[in-house]
Each structure stands twice: as C-alpha cells, then as structure tokens.
$ cat protein-v8.cif   # mmCIF, C-alpha atoms and all ligand atoms
data_upload
loop_
_atom_site.label_atom_id
_atom_site.label_comp_id
_atom_site.auth_asym_id
_atom_site.auth_seq_id
_atom_site.Cartn_x
_atom_site.Cartn_y
_atom_site.Cartn_z
CA MET A 232 22.06 17.02 13.93
CA LEU A 233 18.93 15.41 12.55
CA SER A 234 18.42 18.35 10.22
CA ASP A 235 21.76 17.59 8.55
CA ILE A 236 20.39 14.30 7.28
CA ASP A 237 18.88 14.38 3.81
CA PHE A 238 16.15 11.77 4.31
CA ALA A 239 14.89 12.18 0.74
CA ALA A 240 18.30 11.13 -0.58
CA ARG A 241 18.65 8.38 2.06
CA TYR A 242 15.29 6.97 1.00
CA ARG A 243 16.36 6.86 -2.65
CA GLN A 244 19.68 5.23 -1.72
CA HIS A 245 17.88 2.60 0.34
CA LEU A 246 15.40 1.90 -2.47
CA ASP A 247 18.26 1.54 -4.96
CA ALA A 248 20.23 -0.70 -2.61
CA SER A 249 17.20 -2.93 -2.04
CA GLY A 250 17.40 -3.90 -5.71
CA ARG A 251 13.66 -3.45 -6.12
CA GLN A 252 12.55 -3.21 -9.71
CA PRO A 253 9.62 -0.82 -10.17
CA LYS A 254 6.43 -2.69 -11.06
CA PRO A 255 5.18 -1.62 -14.49
CA VAL A 256 1.58 -0.55 -15.03
CA SER A 257 0.98 -3.82 -16.88
CA ALA A 258 1.79 -5.80 -13.72
CA TRP A 259 -0.85 -3.85 -11.76
CA ASP A 260 -3.32 -4.19 -14.64
CA ALA A 261 -2.80 -7.96 -14.47
CA ARG A 262 -3.79 -8.03 -10.77
CA ALA A 263 -6.83 -5.77 -11.09
CA ALA A 264 -9.52 -8.42 -11.78
CA GLU A 265 -8.37 -10.56 -8.84
CA LEU A 266 -8.22 -7.61 -6.43
CA GLY A 267 -11.50 -6.21 -7.74
CA ALA A 268 -13.24 -9.53 -7.07
CA LYS A 269 -12.52 -9.37 -3.34
CA PRO A 270 -15.41 -8.22 -1.17
CA LEU A 271 -15.24 -4.65 0.05
CA GLY A 272 -13.99 -4.25 3.60
CA GLY A 273 -11.91 -6.89 5.30
CA SER A 274 -9.70 -6.52 8.33
CA TYR A 275 -7.03 -4.24 6.82
CA ALA A 276 -9.44 -1.84 5.07
CA ASN A 277 -11.78 -1.69 8.06
CA ALA A 278 -8.85 -1.01 10.39
CA PHE A 279 -7.61 1.76 8.06
CA VAL A 280 -11.04 3.43 7.84
CA SER A 281 -11.68 3.14 11.59
CA ARG A 282 -8.55 5.24 12.24
CA LEU A 283 -9.64 8.18 10.07
CA ASP A 284 -10.90 11.45 11.49
CA LEU A 285 -13.54 12.39 8.94
CA SER A 286 -14.87 15.42 10.78
CA ASP A 287 -15.62 18.31 8.43
CA CYS A 288 -14.55 16.20 5.46
CA HIS A 289 -16.81 16.04 2.41
CA THR A 290 -14.42 15.12 -0.37
CA LEU A 291 -11.78 12.41 -0.49
CA LEU A 292 -8.85 11.69 -2.80
CA ASP A 293 -7.69 8.06 -2.70
CA VAL A 294 -4.19 7.87 -4.20
CA GLY A 295 -3.11 4.51 -5.60
CA CYS A 296 -6.74 3.56 -5.07
CA GLY A 297 -6.53 0.17 -6.77
CA PRO A 298 -10.06 -1.27 -7.08
CA GLY A 299 -11.35 1.24 -4.52
CA THR A 300 -10.31 -0.56 -1.32
CA ILE A 301 -10.59 2.56 0.83
CA GLY A 302 -12.46 5.12 -1.29
CA LEU A 303 -15.47 2.91 -1.89
CA LEU A 304 -15.82 2.16 1.81
CA LEU A 305 -16.27 5.88 2.36
CA CYS A 306 -18.33 6.97 -0.61
CA ASP A 307 -21.58 6.95 1.36
CA ARG A 308 -20.03 9.37 3.87
CA MET A 309 -18.55 11.78 1.30
CA GLU A 310 -20.05 14.14 -1.23
CA HIS A 311 -17.41 13.07 -3.68
CA VAL A 312 -14.64 10.48 -3.87
CA TYR A 313 -11.80 10.65 -6.41
CA GLY A 314 -9.75 7.51 -7.03
CA LEU A 315 -6.34 8.14 -8.56
CA ASP A 316 -4.23 5.32 -9.99
CA HIS A 317 -1.89 4.75 -12.93
CA SER A 318 -3.47 1.40 -13.80
CA PRO A 319 -6.42 1.65 -16.20
CA ALA A 320 -7.58 -1.85 -15.22
CA MET A 321 -7.63 -0.92 -11.50
CA LEU A 322 -9.68 2.16 -12.35
CA GLU A 323 -12.11 0.02 -14.37
CA GLN A 324 -12.62 -2.08 -11.25
CA LEU A 325 -13.16 1.07 -9.17
CA VAL A 326 -15.81 2.36 -11.58
CA ARG A 327 -17.52 -1.04 -11.94
CA ARG A 328 -17.68 -1.52 -8.18
CA ALA A 329 -18.95 2.03 -7.60
CA ALA A 330 -21.77 1.33 -10.11
CA GLU A 331 -22.60 -1.91 -8.30
CA LEU A 332 -22.91 0.06 -5.07
CA GLY A 333 -25.16 2.56 -6.84
CA ALA A 334 -22.65 5.32 -6.01
CA ASP A 335 -22.74 8.19 -8.51
CA ASN A 336 -20.21 10.29 -6.59
CA VAL A 337 -17.02 8.42 -7.54
CA THR A 338 -14.63 9.69 -10.22
CA SER A 339 -11.55 7.91 -11.52
CA ILE A 340 -8.35 9.78 -12.35
CA ARG A 341 -5.73 8.04 -14.46
CA ARG A 342 -2.47 9.43 -13.14
CA ALA A 343 0.90 8.31 -11.83
CA TRP A 344 2.61 9.67 -8.73
CA GLU A 345 5.42 10.83 -10.99
CA GLU A 346 3.23 12.89 -13.35
CA PRO A 347 2.07 16.47 -12.80
CA TRP A 348 -1.01 16.75 -10.57
CA HIS A 349 -1.99 20.34 -11.43
CA ASP A 350 -5.53 19.31 -12.41
CA VAL A 351 -6.04 16.79 -9.59
CA PRO A 352 -8.72 18.19 -7.27
CA ARG A 353 -7.83 19.34 -3.79
CA CYS A 354 -9.91 17.37 -1.30
CA ASP A 355 -10.70 17.59 2.40
CA ILE A 356 -9.01 14.28 3.06
CA VAL A 357 -6.32 12.47 1.09
CA VAL A 358 -5.41 8.83 1.65
CA ALA A 359 -2.67 6.67 0.16
CA SER A 360 -3.13 3.09 1.29
CA ARG A 361 -0.35 0.56 0.63
CA ALA A 362 0.59 2.65 -2.39
CA GLY A 363 3.54 4.66 -1.12
CA LEU A 364 6.54 2.70 -2.35
CA VAL A 365 7.42 5.48 -4.76
CA ASP A 366 10.72 6.48 -6.34
CA ASP A 367 10.60 9.98 -4.88
CA LEU A 368 8.98 9.96 -1.43
CA ASP A 369 9.61 13.64 -0.76
CA ASP A 370 7.77 14.62 -3.93
CA ALA A 371 4.94 12.20 -3.09
CA LEU A 372 4.50 13.79 0.36
CA ALA A 373 4.52 17.25 -1.20
CA LYS A 374 1.76 16.15 -3.59
CA LEU A 375 -0.34 14.68 -0.77
CA ASN A 376 0.01 17.88 1.25
CA ALA A 377 -0.76 20.13 -1.70
CA HIS A 378 -3.98 18.22 -2.39
CA ALA A 379 -5.30 17.95 1.17
CA ARG A 380 -7.43 20.69 2.71
CA ARG A 381 -7.61 19.02 6.12
CA ARG A 382 -5.96 15.64 6.69
CA VAL A 383 -3.69 13.08 5.09
CA TYR A 384 -3.39 9.38 5.93
CA MET A 385 -0.85 7.04 4.47
CA THR A 386 0.19 3.46 5.12
CA GLN A 387 3.73 2.34 4.50
CA LEU A 388 5.60 -0.87 5.17
CA ALA A 389 6.80 -1.24 8.75
CA GLY A 390 10.00 -3.22 8.75
CA GLY A 391 10.53 -3.19 5.00
CA HIS A 392 9.42 -6.73 4.18
CA PHE A 393 6.28 -8.04 2.49
CA LEU A 394 7.07 -11.54 3.78
CA ASP A 395 8.61 -12.95 6.92
CA PRO A 396 12.37 -12.29 6.47
CA GLU A 397 12.94 -15.92 7.47
CA ILE A 398 11.10 -17.02 4.32
CA ASP A 399 12.96 -14.49 2.18
CA ALA A 400 16.19 -15.98 3.56
CA LEU A 401 15.06 -19.52 2.67
CA LEU A 402 14.54 -18.27 -0.86
CA GLU A 403 17.93 -16.65 -0.83
CA ARG A 404 16.32 -13.27 -1.35
CA PRO A 405 17.15 -11.83 2.05
CA GLY A 406 18.36 -8.44 0.82
CA ILE A 407 18.28 -5.41 3.06
CA GLY A 408 14.54 -4.97 2.83
CA LEU A 409 12.68 -2.00 1.43
CA PRO A 410 12.67 1.49 2.93
CA ASP A 411 9.87 1.70 5.48
CA HIS A 412 7.74 4.36 7.15
CA ILE A 413 10.62 5.86 9.14
CA TYR A 414 11.67 7.92 6.11
CA ALA A 415 8.20 9.42 5.72
CA LEU A 416 8.05 10.27 9.44
CA ASN A 417 11.37 12.06 9.19
CA LEU A 418 10.52 13.87 5.96
CA LEU A 419 7.31 15.11 7.57
CA HIS A 420 9.19 16.07 10.73
CA ALA A 421 11.59 18.11 8.59
CA ARG A 422 8.53 20.03 7.35
CA GLY A 423 7.42 20.69 10.93
CA ILE A 424 4.67 18.05 10.71
CA TYR A 425 4.24 15.74 13.71
CA ALA A 426 2.40 12.77 12.25
CA THR A 427 0.49 10.30 14.37
CA LEU A 428 1.67 6.73 14.06
CA ASP A 429 -0.28 3.52 14.43
CA TYR A 430 0.16 0.00 13.08
CA ILE A 431 -2.16 -2.37 11.27
CA GLU A 432 -1.24 -6.04 11.28
CA THR A 433 -2.49 -8.31 8.55
CA PRO A 434 -2.00 -12.04 8.03
CA SER A 435 0.95 -13.03 5.86
CA ARG A 436 0.11 -13.38 2.18
CA LEU A 437 1.30 -16.98 2.55
CA ALA A 438 -1.18 -17.76 5.35
CA GLY A 439 -3.87 -20.39 5.06
CA ALA A 440 -2.06 -23.39 3.56
CA GLU A 441 -3.15 -26.62 5.24
CA SER A 442 -0.18 -28.71 4.10
CA ALA A 443 3.42 -28.30 3.03
CA ASP A 444 2.42 -28.96 -0.60
CA ALA A 445 -0.34 -26.38 -0.47
CA PHE A 446 2.13 -23.94 1.08
CA VAL A 447 4.59 -24.41 -1.79
CA GLN A 448 1.76 -23.98 -4.31
CA ARG A 449 0.63 -20.79 -2.63
CA ALA A 450 4.19 -19.44 -2.54
CA THR A 451 4.59 -20.22 -6.25
CA ARG A 452 1.36 -18.41 -7.09
CA ILE A 453 2.41 -15.34 -5.11
CA LEU A 454 6.17 -15.25 -5.67
CA GLY A 455 6.45 -16.78 -9.14
CA GLU A 456 8.26 -19.91 -10.26
CA LEU A 457 10.46 -21.51 -7.57
CA SER A 458 13.39 -23.86 -8.15
CA ASN A 459 13.12 -27.44 -6.83
CA GLU A 460 15.63 -26.51 -4.16
CA GLU A 461 13.57 -23.51 -3.04
CA ALA A 462 10.35 -25.56 -3.06
CA SER A 463 11.86 -28.27 -0.89
CA ARG A 464 13.27 -25.71 1.56
CA LEU A 465 9.84 -24.13 1.91
CA ALA A 466 8.19 -27.53 2.38
CA ALA A 467 10.76 -28.44 5.07
CA TRP A 468 10.22 -25.08 6.79
CA TYR A 469 6.45 -25.69 6.87
CA ALA A 470 6.89 -29.26 8.15
CA ARG A 471 9.10 -28.11 11.04
CA ASP A 472 6.29 -26.04 12.57
CA PRO A 473 2.99 -26.54 10.71
CA GLU A 474 1.12 -24.11 12.95
CA ARG A 475 3.51 -21.29 12.05
CA GLY A 476 3.46 -22.60 8.48
CA ARG A 477 -0.34 -22.20 8.35
CA ARG A 478 0.12 -18.58 9.45
CA GLY A 479 2.66 -18.15 6.65
CA GLY A 480 5.24 -17.00 9.20
CA ALA A 481 5.15 -13.57 10.79
CA SER A 482 2.18 -11.34 10.01
CA MET A 483 2.65 -8.18 7.95
CA ARG A 484 2.76 -4.87 9.67
CA TRP A 485 1.67 -1.63 8.04
CA ALA A 486 2.50 1.71 9.60
CA MET A 487 -0.34 4.21 9.37
CA LEU A 488 0.73 7.85 9.44
CA GLY A 489 -1.80 10.61 9.80
CA TRP A 490 -1.38 14.37 9.86
CA GLU A 491 -3.13 17.67 9.48
CA SER A 492 -2.49 19.21 6.12
CA PRO A 493 -0.08 22.16 6.43
CA GLY A 494 -2.56 24.17 4.35
CA SER A 495 -5.52 23.51 6.71
C1 LIG B 501 -0.98 -2.54 -3.34
S1 LIG B 501 -2.09 -1.66 -4.37
C2 LIG B 501 -3.03 -0.80 -3.14
C3 LIG B 501 -4.45 -0.56 -3.57
C4 LIG B 501 -5.33 0.02 -2.48
N1 LIG B 501 -4.95 1.37 -2.15
C5 LIG B 501 -5.30 -0.89 -1.25
O1 LIG B 501 -4.83 -0.49 -0.19
O2 LIG B 501 -5.78 -2.03 -1.38
C6 LIG B 501 -1.08 -0.34 -5.04
C7 LIG B 501 -1.83 0.50 -6.05
O3 LIG B 501 -1.00 1.61 -6.38
C8 LIG B 501 -1.00 1.78 -7.78
N2 LIG B 501 0.28 2.36 -8.16
C9 LIG B 501 1.50 1.76 -8.09
N3 LIG B 501 2.45 2.59 -8.53
C10 LIG B 501 1.83 3.75 -8.89
C11 LIG B 501 2.27 4.97 -9.45
N4 LIG B 501 3.55 5.18 -9.70
N5 LIG B 501 1.35 5.94 -9.68
C12 LIG B 501 0.03 5.73 -9.41
N6 LIG B 501 -0.45 4.57 -8.91
C13 LIG B 501 0.44 3.59 -8.64
C14 LIG B 501 -1.20 0.38 -8.35
O4 LIG B 501 -1.72 0.41 -9.67
C15 LIG B 501 -2.14 -0.23 -7.34
O5 LIG B 501 -3.49 -0.03 -7.71
#
$ encode --input "protein-v8.cif" --output "structure tokens" --more "lines below"
Ligand SMILES: C[S@@+](CC[C@H](N)C(=O)[O-])C[C@H]1O[C@@H](n2cnc3c(N)ncnc32)[C@H](O)[C@@H]1O
Amino acid sequence: MLSDIDFAARYRQHLDASGRQPKPVSAWDARAAELGAKPLGGSYANAFVSRLDLSDCHTLLDVGCGPGTIGLLLCDRMEHVYGLDHSPAMLEQLVRRAAELGADNVTSIRRAWEEPWHDVPRCDIVVASRAGLVDDLDDALAKLNAHARRRVYMTQLAGGHFLDPEIDALLERPGIGLPDHIYALNLLHARGIYATLDYIETPSRLAGAESADAFVQRATRILGELSNEEASRLAAWYARDPERGRRGGASMRWAMLGWESPGS
C-alpha cells in the first residue's frame, strides 16, 4: 500500500544517492550580487505569481527568498512581506531592492531551513520558490504548514535535472538526478493534503549562446572549469544542431505545488 512507503526516508536516500553536495552559505553569498542585479519579474517569477490565489492574504513569508524574486513582486499587494534566507548577502540584496522600490513593509529574516523557526511569523501565504532542495523535506513541509494561515506554494524540480540530461551525460555527470516534486506530493498526500500541480518551463541556463565557442564559455561560467575533452564534446554537440544548441538543450521544468494550509 502507498501508506507503507516512507517517502521522507526515500527522499533522503535519493538525495544521498544523487551525490549532491549541499551548497554552503558562502556559495549563495557569492551569487547574491549577480542575482540581485537582475530586473524584478521575468518569465519564471511572473508565471509563479500569476498562479497564486492571494484572496484574503495580507502577509507573505518568502522562504529561500534570495534577492526577493517573489516577495518583492508582491509587496505592493501585501501589508507585510517577510523574506527568509540563510544567506546574509541575499538578504542584503532583498533589503536594498525593497528600499529602491520605496517599500517599507519588507523584513528580512536570517534563518536556515534546518534551524528552529519558533520566532518566524505565521503569515497568510507562504511561498518557497526554487528553494526546496533541502536535506529533510518532511520537516520543511511541516515548517511551511506551521507558518501558513491560508495557503502554501512551492516550486520543486520536475525531472530532477537542472540541465538537459543529454548535456550532463556529455560531461560524464549523468547520475540518477535529484529527487523531484513527486516526493513532496506524496508527503503532502500522506498528511491528507491534495496539492494542486502545475508546471513552469524556463529556458535552459545554457541558452543564448550564438556559437559553439560561446556555448563552451557559458557552460564554463555556469558549471565551473571543464576539461579539454569536455569542452570539445560540448562544442561538437552544439555544432551538430546549432538551433538546439542556442536553446541550451531542453528547457527546465519546475513543478509548482499549491495547497491550503491544514491550519486554515
Ligand atoms: C535558487 S535560489 C532561489 C531564490 C528565489 N526564491 C528565486 O526563486 O529566485 C535558492 C535560495 O535559497 C537559499 N537557501 C538555500 N539553502 C537554504 C537553507 N538551507 N536555508 C535557507 N535558505 C536556503 C539560498 O541562499 C538562495 O537564496
């Protein structure tokens, strides 16, 4: 029976087997200025916000808020927005960008998923956008539920890959992929919560290169140093089908889960 399956344990096993190393705070700090320099909005963030039911919601908690990708898009529709993140540099970007918008209703909370959240405010709506690759998904869902008065929305990887698996294979990093949204759906189901499910597609992070050389440069910037062998494989892959190469292979798919808070 489905109820015999311990999805919390299966998720942890999958994460371990994927070989993923947790990203330290310093790695997120290092990306904060670049992410904070991007204009607010964009296709992913707009798609996320357009799927929210904000009725009767006046306060919002944005978990893993980064530079305020979602929270800042909503601060003019909320009485108060709280952005929670473990990266001080991301929170600096959130606060700087809120000031630029003239928003005085945004508060930053320096906190990790793994720490106690006793003093984190309970809000009408809680979102966790592209920030759910946690060590303990069951605990993360419990925290989201405990802090939501009305609704929760979360995006998780669909398919378990940040890049086209074909490109991962070229780089000899095929692996089994990361755990995706199916675990969260099942963990919610086990709590009697029937989440809605929708998908947001975004261009590959490797999209936009106009030549094989530019493609290799982009891949190096995003993936880190590549061996000569890896670089020439990527260049050959691009040259075989430049149109697909310009798209950076398959687009990324995020699963968006939404549900009524069990406490609502
Ligand atoms: C991919 S970014 C997403 C940012 C934003 N929500 C978005 O959709 O653009 C992931 C964010 O989660 C934060 N994060 C990662 N692990 C975390 C943890 N264990 N506790 C709290 N925040 C974490 C990172 O610092 C980063 O700002």
$ axis_aligned_box --input "protein-v8.cif" --around "ligand LIG 501 (chain B)" --padding-each-side "3 Å" --output "lines of an AutoDock Vina configuration file"
center_x = -1.1
center_y = 1.7
center_z = -4.9
size_x = 15.3
size_y = 14.5
size_z = 15.5
$ closest_residue --input "protein-v8.cif" --among "A:Ala239, A:Met385, A:Leu246, A:Ala467" --to "ligand LIG 501 (chain B)" --atoms "all atoms listed in the file"
A:Met385
$ residues_around --input "protein-v8.cif" --residues "range 413-426 of chain A" --least-positions-apart "4" --cutoff "9 Å" --atoms "all atoms listed in the file" --output "list in words"
Leu233, Ser234, Asp237, Phe238, Ala239, Arg241, Tyr242, Leu368, Asp369, Leu372, Gln387, Ala389, Leu488, Gly489, Trp490, Glu491, Ser492 and Pro493 of chain A
$ write_last_selection --input "protein-v8.cif" --atoms "C-alpha atoms" --output "short mmCIF file (atom, residue, chain, number, x, y, z; two decimals), keeping the file's coordinate frame"
data_model
loop_
_atom_site.label_atom_id
_atom_site.label_comp_id
_atom_site.auth_asym_id
_atom_site.auth_seq_id
_atom_site.Cartn_x
_atom_site.Cartn_y
_atom_site.Cartn_z
CA LEU A 233 18.93 15.41 12.55
CA SER A 234 18.42 18.35 10.22
CA ASP A 237 18.88 14.38 3.81
CA PHE A 238 16.15 11.77 4.31
CA ALA A 239 14.89 12.18 0.74
CA ARG A 241 18.65 8.38 2.06
CA TYR A 242 15.29 6.97 1.00
CA LEU A 368 8.98 9.96 -1.43
CA ASP A 369 9.61 13.64 -0.76
CA LEU A 372 4.50 13.79 0.36
CA GLN A 387 3.73 2.34 4.50
CA ALA A 389 6.80 -1.24 8.75
CA LEU A 488 0.73 7.85 9.44
CA GLY A 489 -1.80 10.61 9.80
CA TRP A 490 -1.38 14.37 9.86
CA GLU A 491 -3.13 17.67 9.48
CA SER A 492 -2.49 19.21 6.12
CA PRO A 493 -0.08 22.16 6.43
#
$ atom_distance --input "protein-v8.cif" --atom1 "CA of Ala248 in chain A" --atom2 "CA of Trp468 in chain A"
28.0 Å
$ closest_atom_pairs --input "protein-v8.cif" --of "chain A" --to "ligand LIG 501 (chain B)" --cutoff "7 Å" --atoms "all atoms listed in the file" --output "JSON lines"
{"residue": "A:Val256", "atom": "CA", "partner": "B:LIG501", "partner_atom": "O4", "distance": 6.4}
{"residue": "A:Trp259", "atom": "CA", "partner": "B:LIG501", "partner_atom": "O4", "distance": 4.8}
{"residue": "A:Asp260", "atom": "CA", "partner": "B:LIG501", "partner_atom": "O4", "distance": 7.0}
{"residue": "A:Val294", "atom": "CA", "partner": "B:LIG501", "partner_atom": "N1", "distance": 6.9}
{"residue": "A:Gly295", "atom": "CA", "partner": "B:LIG501", "partner_atom": "O3", "distance": 3.7}
{"residue": "A:Cys296", "atom": "CA", "partner": "B:LIG501", "partner_atom": "N1", "distance": 4.1}
{"residue": "A:Gly297", "atom": "CA", "partner": "B:LIG501", "partner_atom": "O5", "distance": 3.2}
{"residue": "A:Pro298", "atom": "CA", "partner": "B:LIG501", "partner_atom": "C3", "distance": 6.7}
{"residue": "A:Gly299", "atom": "CA", "partner": "B:LIG501", "partner_atom": "C4", "distance": 6.5}
{"residue": "A:Thr300", "atom": "CA", "partner": "B:LIG501", "partner_atom": "O2", "distance": 4.8}
{"residue": "A:Ile301", "atom": "CA", "partner": "B:LIG501", "partner_atom": "N1", "distance": 6.5}
{"residue": "A:Leu315", "atom": "CA", "partner": "B:LIG501", "partner_atom": "C12", "distance": 6.9}
{"residue": "A:Asp316", "atom": "CA", "partner": "B:LIG501", "partner_atom": "N6", "distance": 4.0}
{"residue": "A:His317", "atom": "CA", "partner": "B:LIG501", "partner_atom": "C12", "distance": 4.1}
{"residue": "A:Ser318", "atom": "CA", "partner": "B:LIG501", "partner_atom": "O4", "distance": 4.6}
{"residue": "A:Met321", "atom": "CA", "partner": "B:LIG501", "partner_atom": "O5", "distance": 5.7}
{"residue": "A:Arg342", "atom": "CA", "partner": "B:LIG501", "partner_atom": "C12", "distance": 5.8}
{"residue": "A:Ala343", "atom": "CA", "partner": "B:LIG501", "partner_atom": "N5", "distance": 3.2}
{"residue": "A:Trp344", "atom": "CA", "partner": "B:LIG501", "partner_atom": "N5", "distance": 4.1}
{"residue": "A:Glu345", "atom": "CA", "partner": "B:LIG501", "partner_atom": "N4", "distance": 6.1}
{"residue": "A:Ala359", "atom": "CA", "partner": "B:LIG501", "partner_atom": "N1", "distance": 6.2}
{"residue": "A:Ser360", "atom": "CA", "partner": "B:LIG501", "partner_atom": "O1", "distance": 4.2}
{"residue": "A:Arg361", "atom": "CA", "partner": "B:LIG501", "partner_atom": "O1", "distance": 4.7}
{"residue": "A:Ala362", "atom": "CA", "partner": "B:LIG501", "partner_atom": "C6", "distance": 4.3}
{"residue": "A:Val365", "atom": "CA", "partner": "B:LIG501", "partner_atom": "N4", "distance": 6.3}
$ closest_residue --input "protein-v8.cif" --among "A:Gln324, A:Ile398, A:Ile431, A:Asn459" --to "Ser274 in chain A" --atoms "only C-alpha atoms"
A:Ile431
$ closest_residue --input "protein-v8.cif" --among "A:Lys374, A:Arg436, A:Arg328, A:Lys269" --to "Arg452 in chain A" --atoms "all atoms listed in the file"
A:Arg436
$ closest_residue --input "protein-v8.cif" --among "A:Gln244, A:Thr451, A:Ser286, A:Asn336" --to "Gly314 in chain A" --atoms "all atoms listed in the file"
A:Asn336
$ closest_residue --input "protein-v8.cif" --among "A:Ala278, A:Ala377, A:Val357, A:Ile340" --to "Tyr430 in chain A" --atoms "only C-alpha atoms"
A:Ala278
$ residues_around --input "protein-v8.cif" --residues "Ile356 in chain A" --least-positions-apart "6" --cutoff "6 Å" --atoms "all atoms listed in the file" --output "NGL selection string"
:A and (291 or 379 or 381-383)
$ atom_distance --input "protein-v8.cif" --atom1 "CA of His378 in chain A" --atom2 "CA of Asp284 in chain A"
16.9 Å
$ closest_residue --input "protein-v8.cif" --among "A:Leu388, A:Arg327, A:Ala276, A:Thr427" --to "Gly408 in chain A" --atoms "only C-alpha atoms"
A:Leu388
$ decode --input "protein-v8.cif" --residues "range 315-386 of chain A" --atoms "C-alpha atoms" --output "PDB file, in the first residue's frame"
ATOM      1  CA  LEU A 315      13.692  34.336   4.956  1.00  0.00           C
ATOM      2  CA  ASP A 316      17.070  33.085   3.751  1.00  0.00           C
ATOM      3  CA  HIS A 317      20.280  31.720   5.267  1.00  0.00           C
ATOM      4  CA  SER A 318      22.482  33.906   3.061  1.00  0.00           C
ATOM      5  CA  PRO A 319      23.246  37.340   4.538  1.00  0.00           C
ATOM      6  CA  ALA A 320      24.295  38.633   1.105  1.00  0.00           C
ATOM      7  CA  MET A 321      20.963  37.550  -0.448  1.00  0.00           C
ATOM      8  CA  LEU A 322      19.128  39.335   2.364  1.00  0.00           C
ATOM      9  CA  GLU A 323      21.201  42.481   1.760  1.00  0.00           C
ATOM     10  CA  GLN A 324      20.007  42.400  -1.843  1.00  0.00           C
ATOM     11  CA  LEU A 325      16.409  41.937  -0.681  1.00  0.00           C
ATOM     12  CA  VAL A 326      16.638  44.942   1.640  1.00  0.00           C
ATOM     13  CA  ARG A 327      18.456  47.120  -0.924  1.00  0.00           C
ATOM     14  CA  ARG A 328      15.914  46.324  -3.625  1.00  0.00           C
ATOM     15  CA  ALA A 329      12.970  46.908  -1.271  1.00  0.00           C
ATOM     16  CA  ALA A 330      14.420  50.364  -0.466  1.00  0.00           C
ATOM     17  CA  GLU A 331      14.788  51.090  -4.179  1.00  0.00           C
ATOM     18  CA  LEU A 332      11.116  50.259  -4.635  1.00  0.00           C
ATOM     19  CA  GLY A 333      10.259  52.553  -1.726  1.00  0.00           C
ATOM     20  CA  ALA A 334       8.715  49.571   0.101  1.00  0.00           C
ATOM     21  CA  ASP A 335       8.813  49.954   3.880  1.00  0.00           C
ATOM     22  CA  ASN A 336       6.867  46.749   4.519  1.00  0.00           C
ATOM     23  CA  VAL A 337       9.632  44.208   3.845  1.00  0.00           C
ATOM     24  CA  THR A 338      11.548  42.486   6.649  1.00  0.00           C
ATOM     25  CA  SER A 339      14.491  40.133   6.251  1.00  0.00           C
ATOM     26  CA  ILE A 340      14.914  37.064   8.442  1.00  0.00           C
ATOM     27  CA  ARG A 341      18.307  35.369   8.540  1.00  0.00           C
ATOM     28  CA  ARG A 342      17.443  31.722   9.039  1.00  0.00           C
ATOM     29  CA  ALA A 343      18.135  28.299   7.569  1.00  0.00           C
ATOM     30  CA  TRP A 344      15.524  25.644   6.853  1.00  0.00           C
ATOM     31  CA  GLU A 345      17.322  23.424   9.333  1.00  0.00           C
ATOM     32  CA  GLU A 346      17.188  25.886  12.263  1.00  0.00           C
ATOM     33  CA  PRO A 347      14.274  26.367  14.669  1.00  0.00           C
ATOM     34  CA  TRP A 348      11.550  28.666  13.311  1.00  0.00           C
ATOM     35  CA  HIS A 349       9.729  29.365  16.602  1.00  0.00           C
ATOM     36  CA  ASP A 350      10.033  33.134  16.157  1.00  0.00           C
ATOM     37  CA  VAL A 351       9.322  33.191  12.404  1.00  0.00           C
ATOM     38  CA  PRO A 352       5.974  34.936  11.907  1.00  0.00           C
ATOM     39  CA  ARG A 353       2.958  32.992  10.734  1.00  0.00           C
ATOM     40  CA  CYS A 354       1.687  34.566   7.516  1.00  0.00           C
ATOM     41  CA  ASP A 355      -1.414  34.283   5.361  1.00  0.00           C
ATOM     42  CA  ILE A 356       0.589  32.933   2.468  1.00  0.00           C
ATOM     43  CA  VAL A 357       3.929  31.138   2.435  1.00  0.00           C
ATOM     44  CA  VAL A 358       5.977  30.600  -0.719  1.00  0.00           C
ATOM     45  CA  ALA A 359       9.190  28.674  -1.317  1.00  0.00           C
ATOM     46  CA  SER A 360      10.380  29.270  -4.856  1.00  0.00           C
ATOM     47  CA  ARG A 361      13.214  27.132  -6.251  1.00  0.00           C
ATOM     48  CA  ALA A 362      14.466  26.777  -2.695  1.00  0.00           C
ATOM     49  CA  GLY A 363      13.175  23.363  -1.706  1.00  0.00           C
ATOM     50  CA  LEU A 364      16.151  21.091  -2.286  1.00  0.00           C
ATOM     51  CA  VAL A 365      16.522  20.538   1.441  1.00  0.00           C
ATOM     52  CA  ASP A 366      18.054  17.686   3.409  1.00  0.00           C
ATOM     53  CA  ASP A 367      14.826  16.947   5.264  1.00  0.00           C
ATOM     54  CA  LEU A 368      11.806  17.557   3.014  1.00  0.00           C
ATOM     55  CA  ASP A 369       9.270  16.295   5.539  1.00  0.00           C
ATOM     56  CA  ASP A 370      10.494  18.777   8.136  1.00  0.00           C
ATOM     57  CA  ALA A 371      10.498  21.567   5.530  1.00  0.00           C
ATOM     58  CA  LEU A 372       6.854  20.842   4.633  1.00  0.00           C
ATOM     59  CA  ALA A 373       5.929  20.790   8.314  1.00  0.00           C
ATOM     60  CA  LYS A 374       7.551  24.214   8.733  1.00  0.00           C
ATOM     61  CA  LEU A 375       5.731  25.648   5.706  1.00  0.00           C
ATOM     62  CA  ASN A 376       2.405  24.342   7.007  1.00  0.00           C
ATOM     63  CA  ALA A 377       3.004  25.577  10.534  1.00  0.00           C
ATOM     64  CA  HIS A 378       3.728  29.092   9.243  1.00  0.00           C
ATOM     65  CA  ALA A 379       0.863  29.425   6.762  1.00  0.00           C
ATOM     66  CA  ARG A 380      -2.559  30.673   7.827  1.00  0.00           C
ATOM     67  CA  ARG A 381      -4.130  30.144   4.414  1.00  0.00           C
ATOM     68  CA  ARG A 382      -2.026  28.859   1.511  1.00  0.00           C
ATOM     69  CA  VAL A 383       1.372  27.463   0.631  1.00  0.00           C
ATOM     70  CA  TYR A 384       3.064  27.437  -2.778  1.00  0.00           C
ATOM     71  CA  MET A 385       6.307  25.718  -3.555  1.00  0.00           C
ATOM     72  CA  THR A 386       8.295  25.026  -6.703  1.00  0.00           C
TER      73      THR A 386
END
